[in-house]
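Listing of upload_27.tsv, TSV, C-alpha atoms
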```
chain	number	residue	atom	x	y	z
A	29	MET	CA	8.42	7.28	-39.20
A	30	ARG	CA	11.34	8.70	-37.21
A	31	ARG	CA	8.96	9.66	-34.43
A	32	PHE	CA	7.56	6.12	-34.34
A	33	GLY	CA	11.08	4.73	-34.18
A	34	ARG	CA	12.00	6.99	-31.28
A	35	THR	CA	8.88	5.82	-29.44
A	36	LEU	CA	9.88	2.18	-29.87
A	37	VAL	CA	13.39	2.88	-28.60
A	38	THR	CA	12.04	4.79	-25.62
A	39	ALA	CA	9.59	2.04	-24.76
A	40	ALA	CA	12.35	-0.55	-24.96
A	41	LEU	CA	14.46	1.60	-22.65
A	42	ALA	CA	11.56	1.75	-20.21
A	43	VAL	CA	11.58	-2.04	-19.98
A	44	THR	CA	15.27	-1.94	-19.12
A	45	VAL	CA	15.19	0.93	-16.64
A	46	VAL	CA	11.86	1.20	-14.82
A	47	GLY	CA	12.07	-0.39	-11.39
A	48	GLY	CA	11.43	-0.08	-7.73
A	49	SER	CA	13.28	0.80	-4.61
A	50	ALA	CA	15.91	-1.93	-4.56
A	51	GLY	CA	18.08	-1.09	-7.55
A	52	TRP	CA	19.20	-2.43	-10.86
A	53	ALA	CA	19.12	-6.22	-10.76
A	54	SER	CA	17.15	-8.08	-13.39
A	55	GLY	CA	13.59	-8.84	-12.37
A	56	ASP	CA	11.75	-12.15	-12.38
A	57	SER	CA	8.14	-12.34	-13.54
A	58	GLN	CA	5.78	-12.56	-10.57
A	59	ALA	CA	2.38	-14.22	-10.35
A	60	ALA	CA	-0.04	-11.75	-8.77
A	61	VAL	CA	-1.69	-13.03	-5.61
A	62	THR	CA	-5.37	-12.15	-5.84
A	63	GLY	CA	-8.72	-13.40	-4.61
A	64	PRO	CA	-9.88	-14.31	-1.11
A	65	PRO	CA	-7.38	-15.56	1.49
A	66	PRO	CA	-6.47	-19.17	2.26
A	67	GLY	CA	-9.10	-20.92	4.36
A	68	THR	CA	-12.02	-19.33	2.54
A	69	ALA	CA	-13.61	-22.69	1.65
A	70	ALA	CA	-13.82	-23.72	5.31
A	71	TRP	CA	-15.12	-20.27	6.23
A	72	ARG	CA	-17.91	-20.49	3.67
A	73	ALA	CA	-18.96	-23.85	5.07
A	74	ASP	CA	-19.21	-22.51	8.63
A	75	THR	CA	-21.84	-20.42	10.42
A	76	ALA	CA	-21.99	-18.10	13.42
A	77	ALA	CA	-25.05	-17.89	15.66
A	78	GLY	CA	-26.89	-19.86	12.98
A	79	ARG	CA	-26.07	-17.30	10.30
A	80	PRO	CA	-23.97	-17.86	7.16
A	81	LEU	CA	-20.64	-16.06	7.16
A	82	PRO	CA	-20.04	-13.21	4.69
A	83	ASP	CA	-18.29	-14.45	1.56
A	84	PRO	CA	-14.80	-12.86	1.42
A	85	ALA	CA	-15.03	-12.79	-2.38
A	86	THR	CA	-18.35	-10.99	-2.71
A	87	ALA	CA	-19.36	-9.28	0.55
A	88	THR	CA	-18.60	-5.57	0.72
A	89	PRO	CA	-16.60	-4.22	3.69
A	90	LEU	CA	-19.78	-2.50	4.91
A	91	GLU	CA	-21.61	-5.82	4.85
A	92	VAL	CA	-18.74	-7.44	6.75
A	93	ALA	CA	-18.84	-4.68	9.37
A	94	ALA	CA	-22.60	-5.08	9.80
A	95	PHE	CA	-22.22	-8.84	10.20
A	96	PHE	CA	-19.65	-8.55	12.99
A	97	ALA	CA	-21.71	-5.85	14.68
A	98	GLY	CA	-24.47	-8.43	15.08
A	99	LEU	CA	-22.26	-10.97	16.90
A	100	ASP	CA	-21.42	-11.15	20.58
A	101	ASP	CA	-17.81	-11.28	21.78
A	102	ALA	CA	-17.81	-15.06	22.19
A	103	ALA	CA	-18.95	-15.63	18.59
A	104	ARG	CA	-16.37	-13.19	17.26
A	105	ARG	CA	-13.53	-14.87	19.12
A	106	ASP	CA	-14.66	-18.30	17.97
A	107	LEU	CA	-14.28	-17.10	14.38
A	108	VAL	CA	-10.82	-15.69	15.12
A	109	ARG	CA	-9.66	-19.02	16.54
A	110	SER	CA	-11.28	-21.12	13.80
A	111	HIS	CA	-10.48	-18.95	10.77
A	112	PRO	CA	-7.56	-16.62	11.57
A	113	LEU	CA	-6.38	-16.14	7.99
A	114	VAL	CA	-9.85	-15.13	6.83
A	115	VAL	CA	-10.68	-12.82	9.75
A	116	GLY	CA	-7.21	-11.26	9.60
A	117	ASN	CA	-7.67	-10.29	5.97
A	118	LEU	CA	-11.37	-9.47	6.01
A	119	ASP	CA	-11.82	-5.77	5.21
A	120	GLY	CA	-14.60	-4.41	7.40
A	121	ALA	CA	-13.92	-6.74	10.35
A	122	PRO	CA	-13.18	-5.01	13.70
A	123	LEU	CA	-9.56	-3.90	13.96
A	124	PRO	CA	-8.69	-5.62	17.28
A	125	LEU	CA	-10.01	-8.93	15.91
A	126	ARG	CA	-7.84	-8.60	12.83
A	127	TYR	CA	-4.75	-7.89	14.93
A	128	GLU	CA	-5.45	-10.96	17.06
A	129	ALA	CA	-6.24	-13.17	14.09
A	130	ASN	CA	-3.07	-12.22	12.26
A	131	ARG	CA	-0.94	-12.91	15.32
A	132	ILE	CA	-2.37	-16.43	15.31
A	133	ALA	CA	-1.97	-16.78	11.53
A	134	VAL	CA	1.66	-15.61	11.54
A	135	THR	CA	2.56	-17.98	14.36
A	136	ALA	CA	0.82	-20.87	12.62
A	137	THR	CA	3.09	-20.58	9.58
A	138	GLY	CA	6.07	-21.64	11.70
A	139	GLU	CA	8.30	-19.66	9.34
A	140	ALA	CA	11.21	-17.78	10.87
A	141	ARG	CA	11.02	-15.03	8.25
A	142	TYR	CA	7.63	-13.98	9.62
A	143	ALA	CA	8.25	-14.59	13.33
A	144	SER	CA	8.79	-10.93	14.29
A	145	LEU	CA	5.33	-10.02	12.96
A	146	ALA	CA	3.75	-12.03	15.80
A	147	ALA	CA	5.32	-9.90	18.55
A	148	PRO	CA	2.74	-8.54	21.04
A	149	ASP	CA	3.44	-4.91	20.13
A	150	ARG	CA	2.86	-5.40	16.38
A	151	GLN	CA	-0.50	-4.38	14.89
A	152	ILE	CA	-0.76	-6.54	11.79
A	153	LEU	CA	-3.89	-5.55	9.88
A	154	ALA	CA	-3.46	-8.06	7.05
A	155	PHE	CA	-1.23	-11.08	6.48
A	156	ASP	CA	-1.27	-13.45	3.52
A	157	PRO	CA	1.55	-16.04	3.31
A	158	ARG	CA	0.90	-16.96	-0.32
A	159	GLY	CA	3.70	-16.25	-2.77
A	160	ARG	CA	6.29	-13.91	-1.28
A	161	GLY	CA	3.79	-12.85	1.38
A	162	GLN	CA	1.70	-9.71	1.83
A	163	VAL	CA	1.26	-7.64	4.98
A	164	ALA	CA	-0.27	-4.43	6.28
A	165	GLU	CA	1.01	-3.03	9.57
A	166	VAL	CA	-0.47	-0.19	11.61
A	167	PHE	CA	1.65	2.37	13.45
A	168	GLY	CA	-0.46	4.35	15.89
A	169	ASP	CA	-4.03	4.03	17.13
A	170	LEU	CA	-6.08	3.42	14.01
A	171	GLU	CA	-9.31	3.04	15.99
A	172	HIS	CA	-9.16	6.59	17.37
A	173	ALA	CA	-6.94	8.49	14.91
A	174	ARG	CA	-8.14	11.78	13.48
A	175	HIS	CA	-5.90	11.32	10.44
A	176	VAL	CA	-4.83	8.17	8.59
A	177	SER	CA	-2.05	7.75	6.05
A	178	VAL	CA	-1.24	4.69	3.97
A	179	ILE	CA	2.24	3.99	2.57
A	180	VAL	CA	2.01	2.16	-0.78
A	181	PRO	CA	5.53	0.94	-1.69
A	182	GLY	CA	7.10	-0.19	-4.93
A	183	SER	CA	9.25	-3.10	-6.07
A	184	ASP	CA	11.04	-5.64	-3.91
A	185	ASN	CA	8.72	-5.40	-0.92
A	186	ASP	CA	6.84	-8.27	0.70
A	187	ALA	CA	5.83	-9.61	4.11
A	188	ALA	CA	9.34	-10.78	4.98
A	189	THR	CA	11.18	-7.63	3.91
A	190	HIS	CA	8.83	-4.75	4.70
A	191	ASP	CA	10.60	-4.16	8.03
A	192	ALA	CA	13.99	-5.56	7.10
A	193	ARG	CA	17.19	-3.84	8.21
A	194	ARG	CA	17.92	-0.95	5.84
A	195	LYS	CA	18.83	2.68	6.05
A	196	PRO	CA	16.55	4.44	8.58
A	197	ALA	CA	13.25	5.77	7.23
A	198	THR	CA	13.41	3.60	4.10
A	199	GLY	CA	11.30	0.57	3.31
A	200	PRO	CA	7.56	0.53	4.01
A	201	ALA	CA	7.76	0.16	7.79
A	202	GLY	CA	10.61	2.67	8.07
A	203	MET	CA	8.69	5.23	6.03
A	204	ALA	CA	5.58	4.68	8.15
A	205	ARG	CA	7.48	5.12	11.41
A	206	ALA	CA	9.19	8.27	10.15
A	207	LEU	CA	5.91	9.83	9.04
A	208	ARG	CA	4.21	9.02	12.31
A	209	GLU	CA	7.06	10.54	14.31
A	210	ALA	CA	6.91	13.65	12.14
A	211	THR	CA	3.21	14.02	12.96
A	212	GLY	CA	3.80	13.81	16.70
A	213	GLY	CA	3.45	10.08	17.35
A	214	ALA	CA	5.76	8.12	19.62
A	215	ALA	CA	8.24	6.13	17.54
A	216	GLY	CA	6.99	2.59	17.21
A	217	GLY	CA	4.26	3.05	19.80
A	218	ALA	CA	0.55	2.52	19.46
A	219	THR	CA	-0.48	5.60	21.43
A	220	GLY	CA	0.29	9.29	21.16
A	221	GLY	CA	-0.35	11.60	18.26
A	222	SER	CA	-3.51	11.95	16.21
A	223	THR	CA	-2.21	10.27	13.04
A	224	ALA	CA	-2.07	6.54	12.36
A	225	VAL	CA	0.06	5.28	9.48
A	226	VAL	CA	-0.37	1.97	7.68
A	227	ALA	CA	2.49	0.33	5.81
A	228	TRP	CA	0.52	-1.52	3.13
A	229	ILE	CA	2.15	-4.27	1.10
A	230	GLY	CA	-1.17	-5.72	0.06
A	231	TYR	CA	-0.20	-6.61	-3.50
A	232	THR	CA	2.46	-8.60	-5.32
A	233	THR	CA	5.26	-6.15	-6.11
A	234	PRO	CA	7.75	-6.51	-8.97
A	235	VAL	CA	11.17	-7.95	-8.19
A	236	GLY	CA	14.09	-5.85	-9.42
A	237	VAL	CA	14.01	-4.34	-12.88
A	238	GLY	CA	12.23	-6.12	-15.68
A	239	LEU	CA	8.99	-6.25	-17.60
A	240	ASP	CA	6.93	-6.56	-14.40
A	241	ALA	CA	8.20	-3.14	-13.31
A	242	ALA	CA	7.61	-1.61	-16.71
A	243	ASP	CA	4.08	-2.79	-17.39
A	244	GLY	CA	0.85	-2.40	-15.44
A	245	ARG	CA	-0.17	-6.01	-14.81
A	246	LEU	CA	0.82	-6.18	-11.13
A	247	ALA	CA	-0.29	-2.58	-10.58
A	248	ARG	CA	-3.79	-3.34	-11.87
A	249	ALA	CA	-4.10	-6.27	-9.46
A	250	GLY	CA	-2.75	-4.10	-6.66
A	251	ALA	CA	-5.11	-1.24	-7.44
A	252	ALA	CA	-8.16	-3.45	-6.93
A	253	ARG	CA	-6.80	-4.61	-3.59
A	254	LEU	CA	-5.93	-1.07	-2.51
A	255	ALA	CA	-9.41	0.18	-3.36
A	256	ARG	CA	-10.97	-2.57	-1.26
A	257	PHE	CA	-8.55	-1.91	1.59
A	258	THR	CA	-9.53	1.77	1.73
A	259	ALA	CA	-13.20	0.78	1.62
A	260	GLY	CA	-12.46	-1.43	4.62
A	261	LEU	CA	-11.02	1.53	6.52
A	262	ASP	CA	-14.17	3.47	5.76
A	263	ALA	CA	-16.36	0.59	6.94
A	264	VAL	CA	-14.77	0.59	10.41
A	265	GLY	CA	-15.11	4.36	10.76
A	266	ALA	CA	-11.54	5.42	10.01
A	267	PRO	CA	-11.00	8.88	8.46
A	268	ASP	CA	-10.50	9.14	4.71
A	269	PRO	CA	-6.82	8.37	4.15
A	270	VAL	CA	-3.87	10.10	2.56
A	271	LEU	CA	-2.02	7.78	0.16
A	272	PHE	CA	1.77	8.10	-0.01
A	273	CYS	CA	2.79	6.19	-3.12
A	274	HIS	CA	6.46	5.43	-3.72
A	275	SER	CA	7.99	4.34	-7.03
A	276	TYR	CA	5.94	1.51	-8.63
A	277	GLY	CA	3.45	2.06	-5.81
A	278	SER	CA	2.48	5.33	-7.51
A	279	VAL	CA	1.38	3.29	-10.55
A	280	VAL	CA	-0.89	1.29	-8.21
A	281	CYS	CA	-2.27	4.51	-6.72
A	282	GLY	CA	-2.82	6.06	-10.12
A	283	LEU	CA	-4.94	3.12	-11.23
A	284	ALA	CA	-6.81	2.99	-7.90
A	285	ALA	CA	-7.34	6.75	-7.55
A	286	ARG	CA	-10.90	6.94	-8.89
A	287	HIS	CA	-11.96	4.00	-6.69
A	288	THR	CA	-10.74	5.32	-3.33
A	289	ASP	CA	-11.96	8.03	-0.99
A	290	ALA	CA	-8.47	9.38	-0.34
A	291	THR	CA	-8.23	13.07	0.54
A	292	ASP	CA	-4.74	13.34	-0.93
A	293	ILE	CA	-2.56	11.18	-3.16
A	294	VAL	CA	1.19	11.81	-3.01
A	295	ALA	CA	3.43	10.32	-5.72
A	296	LEU	CA	7.12	10.25	-4.78
A	297	GLY	CA	9.95	8.91	-6.90
A	298	SER	CA	7.30	8.04	-9.48
A	299	PRO	CA	7.86	6.51	-12.94
A	300	GLY	CA	4.33	7.70	-13.87
A	301	MET	CA	0.77	7.08	-12.75
A	302	ARG	CA	-0.75	5.74	-15.99
A	303	ALA	CA	-2.44	9.07	-16.60
A	304	GLY	CA	-1.47	12.06	-18.72
A	305	THR	CA	-2.57	14.61	-16.13
A	306	ALA	CA	-3.74	14.78	-12.53
A	307	ALA	CA	-7.25	15.47	-13.80
A	308	ALA	CA	-7.15	12.24	-15.79
A	309	LEU	CA	-6.92	10.28	-12.53
A	310	HIS	CA	-10.62	11.17	-12.04
A	311	THR	CA	-10.31	11.65	-8.31
A	312	ASP	CA	-11.49	14.33	-5.90
A	313	ALA	CA	-8.26	13.88	-3.95
A	314	ARG	CA	-5.58	16.52	-4.11
A	315	VAL	CA	-2.65	15.12	-6.11
A	316	TRP	CA	0.93	15.87	-5.06
A	317	ALA	CA	4.29	14.86	-6.53
A	318	ALA	CA	7.89	14.85	-5.30
A	319	ARG	CA	11.21	13.94	-6.91
A	320	GLY	CA	14.65	14.52	-5.44
A	321	PRO	CA	17.55	15.83	-7.53
A	322	SER	CA	19.56	12.58	-7.28
A	323	ASP	CA	16.67	10.14	-7.72
A	324	TRP	CA	17.53	7.80	-10.59
A	325	ILE	CA	13.83	7.58	-11.48
A	326	ALA	CA	14.42	10.81	-13.44
A	327	ASP	CA	16.25	8.67	-16.04
A	328	VAL	CA	13.14	6.59	-16.72
A	329	PRO	CA	11.44	7.63	-19.98
A	330	ASN	CA	7.96	8.95	-19.27
A	331	VAL	CA	6.17	7.07	-22.02
A	332	GLU	CA	3.47	4.49	-22.34
A	333	PHE	CA	3.53	2.38	-25.48
A	334	ALA	CA	1.81	-0.96	-26.08
A	335	GLY	CA	1.32	-1.31	-22.33
A	336	VAL	CA	4.97	-0.62	-21.49
A	337	GLY	CA	5.93	2.41	-19.41
A	338	HIS	CA	3.76	4.42	-17.06
A	339	GLY	CA	3.19	7.71	-18.86
A	340	ALA	CA	3.67	11.35	-17.90
A	341	ASP	CA	6.03	12.58	-15.19
A	342	PRO	CA	3.85	13.56	-12.19
A	343	THR	CA	6.33	16.30	-11.26
A	344	SER	CA	6.06	18.00	-14.66
A	345	ALA	CA	4.13	21.27	-14.88
A	346	ALA	CA	1.92	19.79	-17.58
A	347	PHE	CA	0.75	16.99	-15.27
A	348	GLY	CA	-0.78	19.50	-12.88
A	349	ALA	CA	0.05	17.97	-9.49
A	350	ARG	CA	1.00	20.12	-6.52
A	351	ARG	CA	4.75	20.02	-6.01
A	352	VAL	CA	6.29	18.79	-2.78
A	353	PRO	CA	9.69	20.37	-1.99
A	354	ALA	CA	12.39	17.70	-2.25
A	355	ALA	CA	15.63	19.56	-2.99
A	356	ASP	CA	17.44	17.90	-0.08
A	357	VAL	CA	16.27	14.33	-0.74
A	358	GLN	CA	19.08	11.84	-1.32
A	359	GLY	CA	18.57	9.05	-3.85
A	360	HIS	CA	15.41	7.09	-4.57
A	361	THR	CA	14.44	6.16	-1.01
A	362	GLY	CA	15.34	9.26	1.01
A	363	TYR	CA	11.98	11.05	0.96
A	364	PHE	CA	11.11	10.23	4.59
A	365	ALA	CA	14.54	10.97	6.05
A	366	PRO	CA	14.25	13.08	9.23
A	367	GLY	CA	14.92	16.77	8.66
A	368	THR	CA	14.13	16.76	4.95
A	369	GLN	CA	11.80	19.27	3.34
A	370	SER	CA	9.80	16.41	1.89
A	371	LEU	CA	9.10	14.77	5.26
A	372	ALA	CA	7.97	18.10	6.74
A	373	ALA	CA	5.63	18.57	3.79
A	374	PHE	CA	4.36	14.99	4.05
A	375	ALA	CA	3.55	15.54	7.74
A	376	ALA	CA	1.54	18.64	6.89
A	377	ILE	CA	-0.36	16.76	4.18
A	378	ALA	CA	-0.98	13.82	6.53
A	379	GLU	CA	-2.45	16.15	9.16
A	380	GLY	CA	-4.61	18.05	6.68
A	381	ALA	CA	-2.61	21.24	7.23
A	382	ALA	CA	-1.06	21.63	3.76
A	383	ARG	CA	-2.51	24.08	1.26
```
Conversion result in C-alpha cells:
Amino acid sequence: MRRFGRTLVTAALAVTVVGGSAGWASGDSQAAVTGPPPGTAAWRADTAAGRPLPDPATATPLEVAAFFAGLDDAARRDLVRSHPLVVGNLDGAPLPLRYEANRIAVTATGEARYASLAAPDRQILAFDPRGRGQVAEVFGDLEHARHVSVIVPGSDNDAATHDARRKPATGPAGMARALREATGGAAGGATGGSTAVVAWIGYTTPVGVGLDAADGRLARAGAARLARFTAGLDAVGAPDPVLFCHSYGSVVCGLAARHTDATDIVALGSPGMRAGTAAALHTDARVWAARGPSDWIADVPNVEFAGVGHGADPTSAAFGARRVPAADVQGHTGYFAPGTQSLAAFAAIAEGAAR
C-alpha cells in the first residue's frame, strides 16, 4: 500500500513539474491540430491534366511523389498557385514546389507574426496556420544533402516563435542553425556543407507546464505526423534522417520511433520516451541520450502512471541508450551551444561519424 501511495504522489508531482523548454508557467490545454491542411476540399474537387489529385488524407508520400513526377512544370505550378496550403504541406511533393507554395501561403495570411517566414532566403517545407501555427524550415540543401537531421522540439514552440529572439542556439531554428554550422554548413545559408537540418514544429506542442506536458495526448498526435514527415523525406530521395528530440519532443520521438526510418534518435533534456528501455522503442535506429548537470528536467519523476508521466530516464544505465557527453551544458536549452561537448557529439552523429 505504501508503494502504491508513493506512486500516486510521484505521478501527481509529474503533472506539476513536467514541461518543455520555456519554464515553469502553468500550461493551458491545447487542441491538437491533425488531419489534412486547409484547402483540402477544393483540392479534392480539382484535377490536373485530367487526373484526380492525390487525397492528402489517404495518399502515401510515395504516391504523391509519383503523381507529381507525371506532371509537366506548367501543371505543377498551376497547382502551387491554386492550392498553396495543400502543396506546401503535401509530404512527397517536390521540395522546390513546397518552398514556393509556402511562401505564397504565408503571405496570404496577412499576419505580421508570420511575415518573416516569407522572406526569399527562407526554405519553409511546411506551414499550417491553424491553431498556434505549425512550421518546418530547412537549413541547407535538402535536395542534395548526404546527411539529414531533424530537430523535434518540446513545449512552447509554434510557427510564430520557432525563430523568435532568444539566447543563441536555443529554440528550434537556433538549434538547427547551430548543428548545421557544426557540420560545416554556412550559417543561415542554403549551400555549403553536406548536412541539411530541418527545424520541425509539425505538431501542437504543450504550453508551459500542465497536464498537456505530463501526458501523451499531444505526443501521440505529433508522432503520427512525424512518421509521415519522415516518409515524405524518403519519398523525395532524402537520406534517412537523424532525429534530435528535445524535452517533450523526445516523447514524440519515442512514440514515433518504430514508424520512422531514422538512423539515429537522440533524446536530450528528456522527461522520458514512453518506453522502459531503448529496445522497447522497437527501432533499428541507434538511440542516444544527453542530460546536462544543471538541466531541471532531472527533477522530473521518471514514472508513468494512469497515462501521466513519460517513464524511464533515457540517460539511465538501465535504459540502454548510448550516452552523449554533456558535462558542460548549461540549463535545459544549452545542448547546441557552440563549443559544448554535446554539440560536437551531435555533429558527429549527424554526419554518421559517431560510434
Using all atoms listed in the file: which of A:Cys273, A:Ala146, A:Val61, A:Ala103 has the shortest distance to A:Ala204: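 The shortest atom-to-atom distance to A:Ala204 comes from A:Cys273.
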Residue contacts of A:Gly380 (10 Å, all atoms listed in the file) excluding same-chain residues fewer than 4 positions away, as a list in words: Arg174, His175, Val270, Thr291, Asp292, Phe374, Ala375 and Ala376 of chain A
Shell around A:Ala266 at 7 Å using only C-alpha atoms, local window under 3 positions removed, as number ranges by chain: A: 171, 261-262
Shell around stretch 349-352 of chain A at 9 Å using all atoms listed in the file, local window under 6 positions removed, as a ChimeraX atom specification: /A:294,296,305-307,314-319,342-343,369-370,373-374
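Across the model, the gap from atom CA of A:Leu107 to atom CA of A:Thr75 is 9.2 Å.
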Shortest interatomic distance to A:Thr62 - which of A:Ala187, A:Ala252, A:Ala192, A:Ile132, counting only C-alpha atoms: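 Under the stated criterion, the closest residue is A:Ala252.
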Proximity to A:Asp268 - best of A:Glu209, A:Asp191, A:Asp312, A:Asp56, all atoms listed in the file: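 Result for the nearest residue to A:Asp268: A:Asp312.
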Minimum-distance residue to A:Gly362, chosen among A:Thr258, A:Pro196, A:Met301, A:Ser222 (using all atoms listed in the file):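 Result for the nearest residue to A:Gly362: A:Pro196.
Close contacts of A:Ile325, defined as residues with an atom at most 8 Å away when counting only C-alpha atoms, with chain neighbours fewer than 2 positions off set aside, comprise Val46, Gly297, Ser298, Pro299, Asp323, Asp327, Val328 and His360 of chain A.
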How about completing stretch 152-171 of chain A with N, CA, C and O atoms and giving it to me as a tab-separated table (two decimals), in the frame of the given file?
```
chain	number	residue	atom	x	y	z
A	152	ILE	N	-0.74	-6.04	13.15
A	152	ILE	CA	-0.76	-6.54	11.79
A	152	ILE	C	-2.22	-6.57	11.32
A	152	ILE	O	-3.04	-7.34	11.81
A	153	LEU	N	-2.52	-5.72	10.36
A	153	LEU	CA	-3.89	-5.55	9.88
A	153	LEU	C	-4.23	-6.52	8.76
A	153	LEU	O	-5.41	-6.77	8.49
A	154	ALA	N	-3.24	-7.06	8.10
A	154	ALA	CA	-3.46	-8.06	7.05
A	154	ALA	C	-2.19	-8.90	6.93
A	154	ALA	O	-1.08	-8.38	7.07
A	155	PHE	N	-2.37	-10.19	6.67
A	155	PHE	CA	-1.23	-11.08	6.48
A	155	PHE	C	-1.67	-12.22	5.58
A	155	PHE	O	-2.62	-12.93	5.89
A	156	ASP	N	-0.97	-12.38	4.47
A	156	ASP	CA	-1.27	-13.45	3.52
A	156	ASP	C	0.05	-14.13	3.16
A	156	ASP	O	0.93	-13.49	2.55
A	157	PRO	N	0.25	-15.39	3.55
A	157	PRO	CA	1.55	-16.04	3.31
A	157	PRO	C	1.75	-16.57	1.90
A	157	PRO	O	2.83	-17.09	1.59
A	158	ARG	N	0.76	-16.43	1.04
A	158	ARG	CA	0.90	-16.96	-0.32
A	158	ARG	C	1.98	-16.19	-1.08
A	158	ARG	O	2.19	-15.00	-0.86
A	159	GLY	N	2.64	-16.88	-1.98
A	159	GLY	CA	3.70	-16.25	-2.77
A	159	GLY	C	4.81	-15.75	-1.87
A	159	GLY	O	5.29	-16.46	-0.98
A	160	ARG	N	5.25	-14.51	-2.10
A	160	ARG	CA	6.29	-13.91	-1.28
A	160	ARG	C	5.74	-13.32	0.01
A	160	ARG	O	6.48	-12.86	0.86
A	161	GLY	N	4.41	-13.34	0.16
A	161	GLY	CA	3.79	-12.85	1.38
A	161	GLY	C	3.38	-11.39	1.27
A	161	GLY	O	4.10	-10.57	0.69
A	162	GLN	N	2.21	-11.07	1.80
A	162	GLN	CA	1.70	-9.71	1.83
A	162	GLN	C	1.37	-9.35	3.27
A	162	GLN	O	0.99	-10.21	4.07
A	163	VAL	N	1.49	-8.07	3.60
A	163	VAL	CA	1.26	-7.64	4.98
A	163	VAL	C	0.85	-6.18	5.00
A	163	VAL	O	1.22	-5.39	4.12
A	164	ALA	N	0.02	-5.83	5.98
A	164	ALA	CA	-0.27	-4.43	6.28
A	164	ALA	C	-0.07	-4.26	7.78
A	164	ALA	O	-0.62	-5.04	8.57
A	165	GLU	N	0.72	-3.25	8.15
A	165	GLU	CA	1.01	-3.03	9.57
A	165	GLU	C	0.62	-1.61	9.96
A	165	GLU	O	0.91	-0.66	9.22
A	166	VAL	N	0.00	-1.48	11.12
A	166	VAL	CA	-0.47	-0.19	11.61
A	166	VAL	C	0.51	0.36	12.63
A	166	VAL	O	0.94	-0.34	13.54
A	167	PHE	N	0.84	1.65	12.48
A	167	PHE	CA	1.65	2.37	13.45
A	167	PHE	C	0.78	3.49	14.01
A	167	PHE	O	0.39	4.40	13.28
A	168	GLY	N	0.46	3.39	15.29
A	168	GLY	CA	-0.46	4.35	15.89
A	168	GLY	C	-1.78	3.70	16.24
A	168	GLY	O	-1.96	2.48	16.11
A	169	ASP	N	-2.72	4.51	16.69
A	169	ASP	CA	-4.03	4.03	17.13
A	169	ASP	C	-5.05	4.26	16.02
A	169	ASP	O	-5.70	5.31	15.96
A	170	LEU	N	-5.19	3.27	15.16
A	170	LEU	CA	-6.08	3.42	14.01
A	170	LEU	C	-7.54	3.56	14.42
A	170	LEU	O	-8.33	4.21	13.73
A	171	GLU	N	-7.91	2.97	15.55
A	171	GLU	CA	-9.31	3.04	15.99
A	171	GLU	C	-9.73	4.45	16.36
A	171	GLU	O	-10.90	4.82	16.21
```
